[in-house]
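Next comes input30.cif, with mmCIF, C-alpha atoms.
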```cif
data_model
loop_
_atom_site.label_atom_id
_atom_site.label_comp_id
_atom_site.auth_asym_id
_atom_site.auth_seq_id
_atom_site.Cartn_x
_atom_site.Cartn_y
_atom_site.Cartn_z
CA MET A 1 -13.38 -200.00 -18.91
CA ALA A 2 -11.00 -197.26 -17.84
CA ARG A 3 -8.96 -198.11 -14.78
CA ALA A 4 -9.65 -196.76 -11.33
CA THR A 5 -6.70 -195.15 -9.58
CA LEU A 6 -6.16 -195.62 -5.86
CA HIS A 7 -3.98 -192.70 -4.79
CA VAL A 8 -2.19 -193.26 -1.49
CA CYS A 9 -0.76 -190.30 0.39
CA THR A 10 2.75 -191.32 1.39
CA THR A 11 3.45 -188.30 3.58
CA CYS A 12 0.53 -188.78 5.99
CA LEU A 13 1.64 -188.71 9.61
CA ARG A 14 -1.65 -189.87 11.11
CA GLY A 15 -1.46 -187.29 13.82
CA LEU A 16 2.05 -188.32 14.87
CA SER A 17 5.23 -186.32 14.75
CA ALA A 18 7.49 -187.36 11.89
CA PRO A 19 8.98 -190.64 13.12
CA GLU A 20 12.78 -190.83 13.12
CA GLY A 21 14.17 -193.67 11.10
CA ALA A 22 10.77 -195.24 10.55
CA PRO A 23 8.60 -194.91 7.46
CA ARG A 24 5.75 -192.45 7.73
CA PRO A 25 2.35 -194.02 8.34
CA GLY A 26 1.36 -193.04 4.78
CA ALA A 27 4.35 -194.89 3.33
CA ALA A 28 3.52 -197.88 5.53
CA LEU A 29 -0.03 -197.86 4.16
CA LEU A 30 1.28 -197.80 0.60
CA ALA A 31 3.56 -200.76 1.38
CA ALA A 32 0.69 -202.69 2.96
CA LEU A 33 -1.46 -202.13 -0.13
CA ALA A 34 1.34 -202.90 -2.59
CA ALA A 35 2.04 -206.22 -0.83
CA ARG A 36 -1.43 -207.50 -1.77
CA ASP A 37 -3.05 -208.49 -5.03
CA LEU A 38 -4.89 -205.54 -6.52
CA PRO A 39 -8.51 -206.05 -7.58
CA PRO A 40 -9.21 -206.07 -11.34
CA GLY A 41 -9.18 -202.60 -12.84
CA VAL A 42 -7.38 -200.93 -9.92
CA VAL A 43 -4.04 -199.13 -10.25
CA LEU A 44 -2.09 -198.09 -7.15
CA LYS A 45 -0.35 -194.70 -7.23
CA PRO A 46 1.62 -192.98 -4.50
CA VAL A 47 1.07 -189.25 -4.13
CA GLU A 48 3.13 -186.93 -1.99
CA CYS A 49 0.27 -185.06 -0.34
CA LEU A 50 -3.49 -185.22 -0.55
CA SER A 51 -3.77 -182.09 1.64
CA ALA A 52 -5.85 -184.13 4.05
CA CYS A 53 -3.24 -183.87 6.80
CA ALA A 54 -5.82 -183.54 9.58
CA THR A 55 -7.45 -186.80 8.56
CA GLY A 56 -4.50 -189.04 7.54
CA CYS A 57 -3.77 -191.70 6.60
CA ALA A 58 -5.72 -190.84 3.48
CA VAL A 59 -6.42 -192.36 0.05
CA ALA A 60 -8.36 -191.12 -2.98
CA LEU A 61 -10.22 -193.16 -5.57
CA CYS A 62 -10.74 -191.72 -9.07
CA ALA A 63 -11.67 -192.89 -12.54
CA PRO A 64 -12.74 -191.12 -15.73
CA GLY A 65 -16.45 -190.29 -15.64
CA LYS A 66 -16.90 -191.33 -12.01
CA TRP A 67 -17.30 -189.58 -8.69
CA SER A 68 -13.98 -189.29 -6.82
CA TYR A 69 -13.79 -190.24 -3.15
CA VAL A 70 -11.32 -189.43 -0.39
CA TYR A 71 -11.15 -191.56 2.75
CA GLY A 72 -9.21 -190.81 5.91
CA HIS A 73 -8.25 -191.92 9.41
CA LEU A 74 -6.96 -195.15 7.86
CA ASP A 75 -4.78 -197.61 9.76
CA PRO A 76 -1.78 -199.01 7.85
CA ALA A 77 -1.68 -202.06 10.10
CA GLN A 78 -5.28 -203.10 9.55
CA ASP A 79 -7.10 -201.41 6.70
CA ALA A 80 -5.38 -202.56 3.49
CA PRO A 81 -7.77 -205.50 2.83
CA ALA A 82 -10.91 -203.36 3.26
CA ILE A 83 -9.45 -200.50 1.19
CA LEU A 84 -8.73 -202.90 -1.68
CA ALA A 85 -12.16 -204.52 -1.41
CA GLY A 86 -13.77 -201.08 -1.63
CA ALA A 87 -11.51 -200.07 -4.51
CA GLY A 88 -12.54 -203.19 -6.42
CA LEU A 89 -16.23 -202.38 -5.99
CA TYR A 90 -15.54 -198.81 -7.07
CA ALA A 91 -13.69 -199.99 -10.19
CA ALA A 92 -16.59 -202.28 -11.10
CA SER A 93 -19.24 -199.56 -10.64
CA SER A 94 -20.50 -197.46 -13.52
CA ASP A 95 -20.36 -194.06 -11.83
CA GLY A 96 -18.19 -194.65 -8.76
CA ILE A 97 -21.18 -194.85 -6.43
CA VAL A 98 -21.16 -198.23 -4.69
CA PRO A 99 -24.40 -199.15 -2.88
CA TRP A 100 -24.11 -198.06 0.75
CA ARG A 101 -24.54 -201.49 2.29
CA ALA A 102 -21.92 -203.01 0.00
CA ARG A 103 -19.22 -200.55 1.04
CA PRO A 104 -16.58 -201.59 3.57
CA GLU A 105 -17.26 -200.03 6.98
CA ILE A 106 -14.25 -197.74 6.70
CA PHE A 107 -15.71 -196.30 3.47
CA ARG A 108 -19.10 -195.77 5.10
CA LYS A 109 -17.72 -194.10 8.21
CA GLN A 110 -14.47 -192.42 7.15
CA SER A 111 -15.38 -190.36 4.11
CA VAL A 112 -13.40 -187.15 3.94
CA ALA A 113 -15.02 -185.84 0.73
CA ARG A 114 -16.32 -186.83 -2.67
CA ILE A 115 -16.26 -184.82 -5.90
CA PRO A 116 -18.65 -185.14 -8.87
CA PRO A 117 -17.28 -186.43 -12.18
CA LEU A 118 -15.84 -183.88 -14.55
CA GLU A 119 -18.29 -182.46 -17.01
CA SER A 120 -18.72 -184.51 -20.14
CA PRO A 121 -17.06 -183.05 -23.24
CA ASP A 122 -20.53 -182.02 -24.45
CA GLU A 123 -20.86 -179.67 -21.53
CA GLN A 124 -17.51 -178.03 -22.12
CA PRO A 125 -17.65 -174.66 -23.78
CA MET B 126 -9.27 -173.27 -21.85
CA ALA B 127 -11.70 -175.69 -20.23
CA ARG B 128 -13.81 -174.16 -17.52
CA ALA B 129 -13.25 -174.74 -13.84
CA THR B 130 -16.27 -175.93 -11.88
CA LEU B 131 -16.94 -174.66 -8.38
CA HIS B 132 -19.17 -177.29 -6.77
CA VAL B 133 -21.07 -176.02 -3.74
CA CYS B 134 -22.59 -178.51 -1.31
CA THR B 135 -26.13 -177.30 -0.68
CA THR B 136 -26.92 -179.77 2.08
CA CYS B 137 -24.09 -178.78 4.44
CA LEU B 138 -25.33 -178.06 7.94
CA ARG B 139 -22.09 -176.57 9.28
CA GLY B 140 -22.40 -178.52 12.48
CA LEU B 141 -25.94 -177.28 13.15
CA SER B 142 -29.11 -179.29 13.37
CA ALA B 143 -31.26 -178.91 10.26
CA PRO B 144 -32.79 -175.44 10.69
CA GLU B 145 -36.57 -175.29 10.52
CA GLY B 146 -37.89 -172.95 7.88
CA ALA B 147 -34.45 -171.53 7.12
CA PRO B 148 -32.17 -172.51 4.25
CA ARG B 149 -29.35 -174.82 5.14
CA PRO B 150 -25.95 -173.15 5.51
CA GLY B 151 -24.85 -174.88 2.30
CA ALA B 152 -27.77 -173.40 0.39
CA ALA B 153 -27.00 -170.00 1.91
CA LEU B 154 -23.41 -170.30 0.70
CA LEU B 155 -24.59 -171.15 -2.81
CA ALA B 156 -26.87 -168.11 -2.78
CA ALA B 157 -24.07 -165.85 -1.56
CA LEU B 158 -21.82 -167.06 -4.37
CA ALA B 159 -24.52 -166.85 -7.04
CA ALA B 160 -25.26 -163.24 -6.07
CA ARG B 161 -21.77 -162.18 -7.15
CA ASP B 162 -20.03 -161.93 -10.49
CA LEU B 163 -18.14 -165.13 -11.24
CA PRO B 164 -14.49 -164.85 -12.26
CA PRO B 165 -13.65 -165.64 -15.90
CA GLY B 166 -13.65 -169.36 -16.60
CA VAL B 167 -15.56 -170.37 -13.45
CA VAL B 168 -18.89 -172.21 -13.50
CA LEU B 169 -20.95 -172.56 -10.31
CA LYS B 170 -22.70 -175.88 -9.70
CA PRO B 171 -24.78 -176.97 -6.74
CA VAL B 172 -24.25 -180.54 -5.55
CA GLU B 173 -26.39 -182.34 -3.03
CA CYS B 174 -23.60 -183.79 -0.92
CA LEU B 175 -19.82 -183.66 -1.02
CA SER B 176 -19.64 -186.23 1.81
CA ALA B 177 -17.65 -183.71 3.80
CA CYS B 178 -20.36 -183.38 6.43
CA ALA B 179 -17.89 -183.09 9.31
CA THR B 180 -16.20 -180.11 7.67
CA GLY B 181 -19.10 -178.18 6.09
CA CYS B 182 -19.80 -175.78 4.56
CA ALA B 183 -17.73 -177.29 1.75
CA VAL B 184 -16.90 -176.55 -1.88
CA ALA B 185 -14.87 -178.42 -4.51
CA LEU B 186 -12.89 -176.98 -7.41
CA CYS B 187 -12.26 -179.16 -10.49
CA ALA B 188 -11.21 -178.78 -14.10
CA PRO B 189 -10.03 -181.20 -16.77
CA GLY B 190 -6.33 -181.99 -16.39
CA LYS B 191 -6.01 -180.17 -13.06
CA TRP B 192 -5.74 -181.15 -9.42
CA SER B 193 -9.11 -181.03 -7.64
CA TYR B 194 -9.43 -179.29 -4.29
CA VAL B 195 -12.00 -179.49 -1.50
CA TYR B 196 -12.27 -176.72 1.09
CA GLY B 197 -14.33 -176.76 4.26
CA HIS B 198 -15.41 -174.93 7.41
CA LEU B 199 -16.62 -172.12 5.14
CA ASP B 200 -18.87 -169.31 6.38
CA PRO B 201 -21.79 -168.39 4.10
CA ALA B 202 -21.96 -164.91 5.64
CA GLN B 203 -18.33 -164.01 5.00
CA ASP B 204 -16.41 -166.26 2.65
CA ALA B 205 -18.02 -165.83 -0.80
CA PRO B 206 -15.59 -163.12 -2.01
CA ALA B 207 -12.48 -165.10 -1.00
CA ILE B 208 -13.87 -168.35 -2.45
CA LEU B 209 -14.48 -166.64 -5.80
CA ALA B 210 -11.07 -164.99 -5.77
CA GLY B 211 -9.47 -168.38 -5.17
CA ALA B 212 -11.62 -170.01 -7.84
CA GLY B 213 -10.52 -167.39 -10.35
CA LEU B 214 -6.84 -168.06 -9.61
CA TYR B 215 -7.50 -171.80 -9.93
CA ALA B 216 -9.23 -171.33 -13.28
CA ALA B 217 -6.30 -169.28 -14.56
CA SER B 218 -3.69 -171.83 -13.44
CA SER B 219 -2.32 -174.51 -15.75
CA ASP B 220 -2.54 -177.45 -13.35
CA GLY B 221 -4.82 -176.22 -10.56
CA ILE B 222 -1.91 -175.49 -8.23
CA VAL B 223 -1.98 -171.83 -7.27
CA PRO B 224 1.20 -170.51 -5.60
CA TRP B 225 0.77 -170.77 -1.83
CA ARG B 226 1.15 -167.08 -1.07
CA ALA B 227 -1.37 -166.11 -3.73
CA ARG B 228 -4.12 -168.30 -2.27
CA PRO B 229 -6.84 -166.76 -0.11
CA GLU B 230 -6.28 -167.52 3.58
CA ILE B 231 -9.30 -169.83 3.70
CA PHE B 232 -7.73 -171.93 0.92
CA ARG B 233 -4.40 -172.08 2.75
CA LYS B 234 -5.89 -173.04 6.09
CA GLN B 235 -9.11 -174.92 5.33
CA SER B 236 -8.10 -177.58 2.81
CA VAL B 237 -10.09 -180.77 3.29
CA ALA B 238 -8.37 -182.73 0.51
CA ARG B 239 -6.93 -182.51 -2.97
CA ILE B 240 -6.89 -185.18 -5.70
CA PRO B 241 -4.40 -185.50 -8.58
CA PRO B 242 -5.63 -184.98 -12.13
CA LEU B 243 -7.01 -187.99 -13.94
CA GLU B 244 -4.50 -189.91 -15.96
CA SER B 245 -3.97 -188.61 -19.42
CA PRO B 246 -5.56 -190.69 -22.19
CA ASP B 247 -2.07 -191.97 -23.06
CA GLU B 248 -1.83 -193.60 -19.66
CA GLN B 249 -5.18 -195.34 -19.97
CA PRO B 250 -5.06 -199.01 -20.83
#
```
This entry written out as structure tokens:
Amino acid sequence: MARATLHVCTTCLRGLSAPEGAPRPGAALLAALAARDLPPGVVLKPVECLSACATGCAVALCAPGKWSYVYGHLDPAQDAPAILAGAGLYAASSDGIVPWRARPEIFRKQSVARIPPLESPDEQP
Amino acid sequence: MARATLHVCTTCLRGLSAPEGAPRPGAALLAALAARDLPPGVVLKPVECLSACATGCAVALCAPGKWSYVYGHLDPAQDAPAILAGAGLYAASSDGIVPWRARPEIFRKQSVARIPPLESPDEQP
């Protein structure tokens, strides 16, 4: 099974001004996630901007052949366990669509967007 | 060159209640786009929900090996020409990143999110 990538925006300000001398909320979220065991099949990757600045902190979940999801309004101090639980369910799914009731509450309520899987090679011209 | 796909959410309500007897704003946007000539390399695809309900009308641009972009707060009555112009520039780009100044204003100001390209096959386990 191809790995799922959990992209974490490290530049998210979460509506704050850039804090002096403190890590940005996005970097704090990355650190909170990296401090925990990752679920099977999940790779963590920092990214410098998910262009979801109005809805930070933000993460994106992607895997070959699956729907991609972006979640926002995440809290670095609280949400790492639920993000990783949701990422594990995503990695274990066949198409990226986890049954609604199984999703962590932050994934049910804080979707920013989802994108269909890329066309299969058969559909490419 | 692989084609770029312009996904158009047909269920977007654009903050309205579901209109009785009228097409949804998302369906109207799809119709406005489909009525025009598509730029070279761009395929139009309806999708039933981009989970960007708070920021509809919404579209997503994707292509193999490129960054994906989601744009929102789009106006079916006005924005089809600019969306197609932006989609054409995206299709012609190597990595999906169009120089900032070349982007249509709606793409500069109404980004909902972007997602990095999928890992190359070499990076897959």
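Among the candidates B:Gly151, B:Ser142, B:Ala129, B:Ala227, the residue lying nearest to Ala202 in chain B is B:Gly151 (atoms considered: all atoms listed in the file).
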Nearest-residue call for Ala113 in chain A, choices B:Pro150, B:Pro189, B:Pro224, B:Gly197, using all atoms listed in the file: B:Gly197
Could you spell out the hits of the PyMOL selection byres ((chain A) within 6 of (chain B)) on the shown file, as a PyMOL selection string? chain A and resi 50-52+112-114
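Using only C-alpha atoms, the shortest contact distance between Pro39 in chain A and any of A:Ala82, A:Cys9, A:Ala87, A:Val98 is found at A:Ala87.
Across the model, the gap from CA of Val168 in chain B to CA of Ala205 in chain B is 14.2 Å.
In this structure, CA of Arg149 in chain B sits 6.3 Å away from CA of Thr136 in chain B.
Coordinates place CA of Asp200 in chain B at a distance of 6.8 Å from CA of Cys182 in chain B.
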Got a sec to resolve the PyMOL selection byres ((chain B and resi 157) around 9) on this structure and send the residues as an MDAnalysis selection string? chainID B and resid 152:156 158:161 201:206
Which of these residues is nearest to Leu138 in chain B, using only C-alpha atoms: B:Leu209, B:Leu199, B:Ala216, B:Leu169? B:Leu199
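The shell of residues at most 10 Å from Ile97 in chain A, with only C-alpha atoms counted and near chain neighbours (fewer than 3 positions) removed, consists of A:Lys66, A:Trp67, A:Ser68, A:Tyr69, A:Leu89, A:Tyr90, A:Ala91, A:Ala92, A:Ser93, A:Ser94, A:Trp100, A:Arg103.
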All heavy atoms are needed for range 97-108 of chain A; please write them out as a PDB file, in the frame of the given file.
```
ATOM      1  N   ILE A  97     -20.329-194.781  -7.616  1.00  0.00           N
ATOM      2  CA  ILE A  97     -21.180-194.850  -6.430  1.00  0.00           C
ATOM      3  C   ILE A  97     -21.537-196.309  -6.147  1.00  0.00           C
ATOM      4  O   ILE A  97     -22.320-196.924  -6.863  1.00  0.00           O
ATOM      5  CB  ILE A  97     -22.451-193.992  -6.606  1.00  0.00           C
ATOM      6  CG1 ILE A  97     -22.051-192.539  -6.860  1.00  0.00           C
ATOM      7  CG2 ILE A  97     -23.347-194.104  -5.382  1.00  0.00           C
ATOM      8  CD1 ILE A  97     -23.217-191.592  -7.104  1.00  0.00           C
ATOM      9  N   VAL A  98     -20.920-196.845  -5.109  1.00  0.00           N
ATOM     10  CA  VAL A  98     -21.160-198.230  -4.690  1.00  0.00           C
ATOM     11  C   VAL A  98     -22.332-198.202  -3.710  1.00  0.00           C
ATOM     12  O   VAL A  98     -22.378-197.326  -2.831  1.00  0.00           O
ATOM     13  CB  VAL A  98     -19.892-198.808  -4.029  1.00  0.00           C
ATOM     14  CG1 VAL A  98     -20.151-200.187  -3.454  1.00  0.00           C
ATOM     15  CG2 VAL A  98     -18.736-198.827  -5.027  1.00  0.00           C
ATOM     16  N   PRO A  99     -23.284-199.130  -3.830  1.00  0.00           N
ATOM     17  CA  PRO A  99     -24.400-199.150  -2.880  1.00  0.00           C
ATOM     18  C   PRO A  99     -23.894-199.132  -1.433  1.00  0.00           C
ATOM     19  O   PRO A  99     -22.924-199.823  -1.097  1.00  0.00           O
ATOM     20  CB  PRO A  99     -25.129-200.459  -3.206  1.00  0.00           C
ATOM     21  CG  PRO A  99     -24.797-200.734  -4.632  1.00  0.00           C
ATOM     22  CD  PRO A  99     -23.395-200.205  -4.827  1.00  0.00           C
ATOM     23  N   TRP A 100     -24.557-198.331  -0.615  1.00  0.00           N
ATOM     24  CA  TRP A 100     -24.110-198.060   0.750  1.00  0.00           C
ATOM     25  C   TRP A 100     -23.791-199.330   1.524  1.00  0.00           C
ATOM     26  O   TRP A 100     -22.733-199.465   2.138  1.00  0.00           O
ATOM     27  CB  TRP A 100     -25.195-197.253   1.467  1.00  0.00           C
ATOM     28  CG  TRP A 100     -24.832-196.846   2.846  1.00  0.00           C
ATOM     29  CD1 TRP A 100     -25.218-197.438   4.015  1.00  0.00           C
ATOM     30  CD2 TRP A 100     -23.981-195.753   3.233  1.00  0.00           C
ATOM     31  NE1 TRP A 100     -24.676-196.787   5.096  1.00  0.00           N
ATOM     32  CE2 TRP A 100     -23.915-195.746   4.638  1.00  0.00           C
ATOM     33  CE3 TRP A 100     -23.277-194.778   2.513  1.00  0.00           C
ATOM     34  CZ2 TRP A 100     -23.178-194.809   5.356  1.00  0.00           C
ATOM     35  CZ3 TRP A 100     -22.535-193.844   3.232  1.00  0.00           C
ATOM     36  CH2 TRP A 100     -22.492-193.863   4.621  1.00  0.00           C
ATOM     37  N   ARG A 101     -24.706-200.287   1.478  1.00  0.00           N
ATOM     38  CA  ARG A 101     -24.540-201.490   2.290  1.00  0.00           C
ATOM     39  C   ARG A 101     -23.383-202.359   1.801  1.00  0.00           C
ATOM     40  O   ARG A 101     -22.867-203.181   2.554  1.00  0.00           O
ATOM     41  CB  ARG A 101     -25.823-202.317   2.304  1.00  0.00           C
ATOM     42  CG  ARG A 101     -26.910-201.678   3.134  1.00  0.00           C
ATOM     43  CD  ARG A 101     -28.196-202.498   3.074  1.00  0.00           C
ATOM     44  NE  ARG A 101     -29.248-201.862   3.851  1.00  0.00           N
ATOM     45  CZ  ARG A 101     -29.389-202.012   5.172  1.00  0.00           C
ATOM     46  NH1 ARG A 101     -28.562-202.787   5.836  1.00  0.00           N
ATOM     47  NH2 ARG A 101     -30.353-201.396   5.818  1.00  0.00           N
ATOM     48  N   ALA A 102     -23.013-202.196   0.542  1.00  0.00           N
ATOM     49  CA  ALA A 102     -21.920-203.010   0.000  1.00  0.00           C
ATOM     50  C   ALA A 102     -20.553-202.443   0.355  1.00  0.00           C
ATOM     51  O   ALA A 102     -19.544-203.138   0.258  1.00  0.00           O
ATOM     52  CB  ALA A 102     -22.065-203.119  -1.518  1.00  0.00           C
ATOM     53  N   ARG A 103     -20.524-201.180   0.769  1.00  0.00           N
ATOM     54  CA  ARG A 103     -19.220-200.550   1.040  1.00  0.00           C
ATOM     55  C   ARG A 103     -18.581-201.113   2.300  1.00  0.00           C
ATOM     56  O   ARG A 103     -19.278-201.362   3.285  1.00  0.00           O
ATOM     57  CB  ARG A 103     -19.393-199.035   1.223  1.00  0.00           C
ATOM     58  CG  ARG A 103     -19.910-198.341   0.001  1.00  0.00           C
ATOM     59  CD  ARG A 103     -20.057-196.830   0.258  1.00  0.00           C
ATOM     60  NE  ARG A 103     -20.937-196.250  -0.754  1.00  0.00           N
ATOM     61  CZ  ARG A 103     -21.264-194.965  -0.822  1.00  0.00           C
ATOM     62  NH1 ARG A 103     -20.787-194.115   0.068  1.00  0.00           N
ATOM     63  NH2 ARG A 103     -22.069-194.530  -1.766  1.00  0.00           N
ATOM     64  N   PRO A 104     -17.253-201.229   2.309  1.00  0.00           N
ATOM     65  CA  PRO A 104     -16.580-201.590   3.570  1.00  0.00           C
ATOM     66  C   PRO A 104     -16.903-200.529   4.630  1.00  0.00           C
ATOM     67  O   PRO A 104     -17.145-199.363   4.305  1.00  0.00           O
ATOM     68  CB  PRO A 104     -15.090-201.531   3.210  1.00  0.00           C
ATOM     69  CG  PRO A 104     -15.015-201.516   1.721  1.00  0.00           C
ATOM     70  CD  PRO A 104     -16.305-200.989   1.217  1.00  0.00           C
ATOM     71  N   GLU A 105     -16.890-200.945   5.890  1.00  0.00           N
ATOM     72  CA  GLU A 105     -17.260-200.030   6.980  1.00  0.00           C
ATOM     73  C   GLU A 105     -16.391-198.772   6.987  1.00  0.00           C
ATOM     74  O   GLU A 105     -16.889-197.665   7.211  1.00  0.00           O
ATOM     75  CB  GLU A 105     -17.144-200.757   8.316  1.00  0.00           C
ATOM     76  CG  GLU A 105     -17.673-199.918   9.477  1.00  0.00           C
ATOM     77  CD  GLU A 105     -17.678-200.677  10.784  1.00  0.00           C
ATOM     78  OE1 GLU A 105     -17.253-201.863  10.790  1.00  0.00           O
ATOM     79  OE2 GLU A 105     -18.091-200.091  11.798  1.00  0.00           O
ATOM     80  N   ILE A 106     -15.114-198.929   6.690  1.00  0.00           N
ATOM     81  CA  ILE A 106     -14.250-197.740   6.700  1.00  0.00           C
ATOM     82  C   ILE A 106     -14.662-196.744   5.613  1.00  0.00           C
ATOM     83  O   ILE A 106     -14.475-195.542   5.756  1.00  0.00           O
ATOM     84  CB  ILE A 106     -12.746-198.079   6.561  1.00  0.00           C
ATOM     85  CG1 ILE A 106     -12.498-198.969   5.344  1.00  0.00           C
ATOM     86  CG2 ILE A 106     -12.198-198.686   7.822  1.00  0.00           C
ATOM     87  CD1 ILE A 106     -11.006-199.125   5.023  1.00  0.00           C
ATOM     88  N   PHE A 107     -15.245-197.214   4.518  1.00  0.00           N
ATOM     89  CA  PHE A 107     -15.710-196.300   3.470  1.00  0.00           C
ATOM     90  C   PHE A 107     -17.043-195.654   3.870  1.00  0.00           C
ATOM     91  O   PHE A 107     -17.331-194.537   3.467  1.00  0.00           O
ATOM     92  CB  PHE A 107     -15.854-197.032   2.130  1.00  0.00           C
ATOM     93  CG  PHE A 107     -14.547-197.230   1.386  1.00  0.00           C
ATOM     94  CD1 PHE A 107     -13.326-197.162   2.027  1.00  0.00           C
ATOM     95  CD2 PHE A 107     -14.546-197.492   0.018  1.00  0.00           C
ATOM     96  CE1 PHE A 107     -12.120-197.360   1.340  1.00  0.00           C
ATOM     97  CE2 PHE A 107     -13.348-197.685  -0.682  1.00  0.00           C
ATOM     98  CZ  PHE A 107     -12.141-197.621  -0.013  1.00  0.00           C
ATOM     99  N   ARG A 108     -17.838-196.370   4.646  1.00  0.00           N
ATOM    100  CA  ARG A 108     -19.100-195.770   5.100  1.00  0.00           C
ATOM    101  C   ARG A 108     -18.847-194.704   6.158  1.00  0.00           C
ATOM    102  O   ARG A 108     -19.514-193.678   6.192  1.00  0.00           O
ATOM    103  CB  ARG A 108     -20.018-196.852   5.681  1.00  0.00           C
ATOM    104  CG  ARG A 108     -20.570-197.833   4.641  1.00  0.00           C
ATOM    105  CD  ARG A 108     -21.803-198.562   5.148  1.00  0.00           C
ATOM    106  NE  ARG A 108     -21.584-199.269   6.394  1.00  0.00           N
ATOM    107  CZ  ARG A 108     -21.224-200.556   6.498  1.00  0.00           C
ATOM    108  NH1 ARG A 108     -21.071-201.272   5.399  1.00  0.00           N
ATOM    109  NH2 ARG A 108     -21.049-201.113   7.665  1.00  0.00           N
TER     110      ARG A 108
END
```
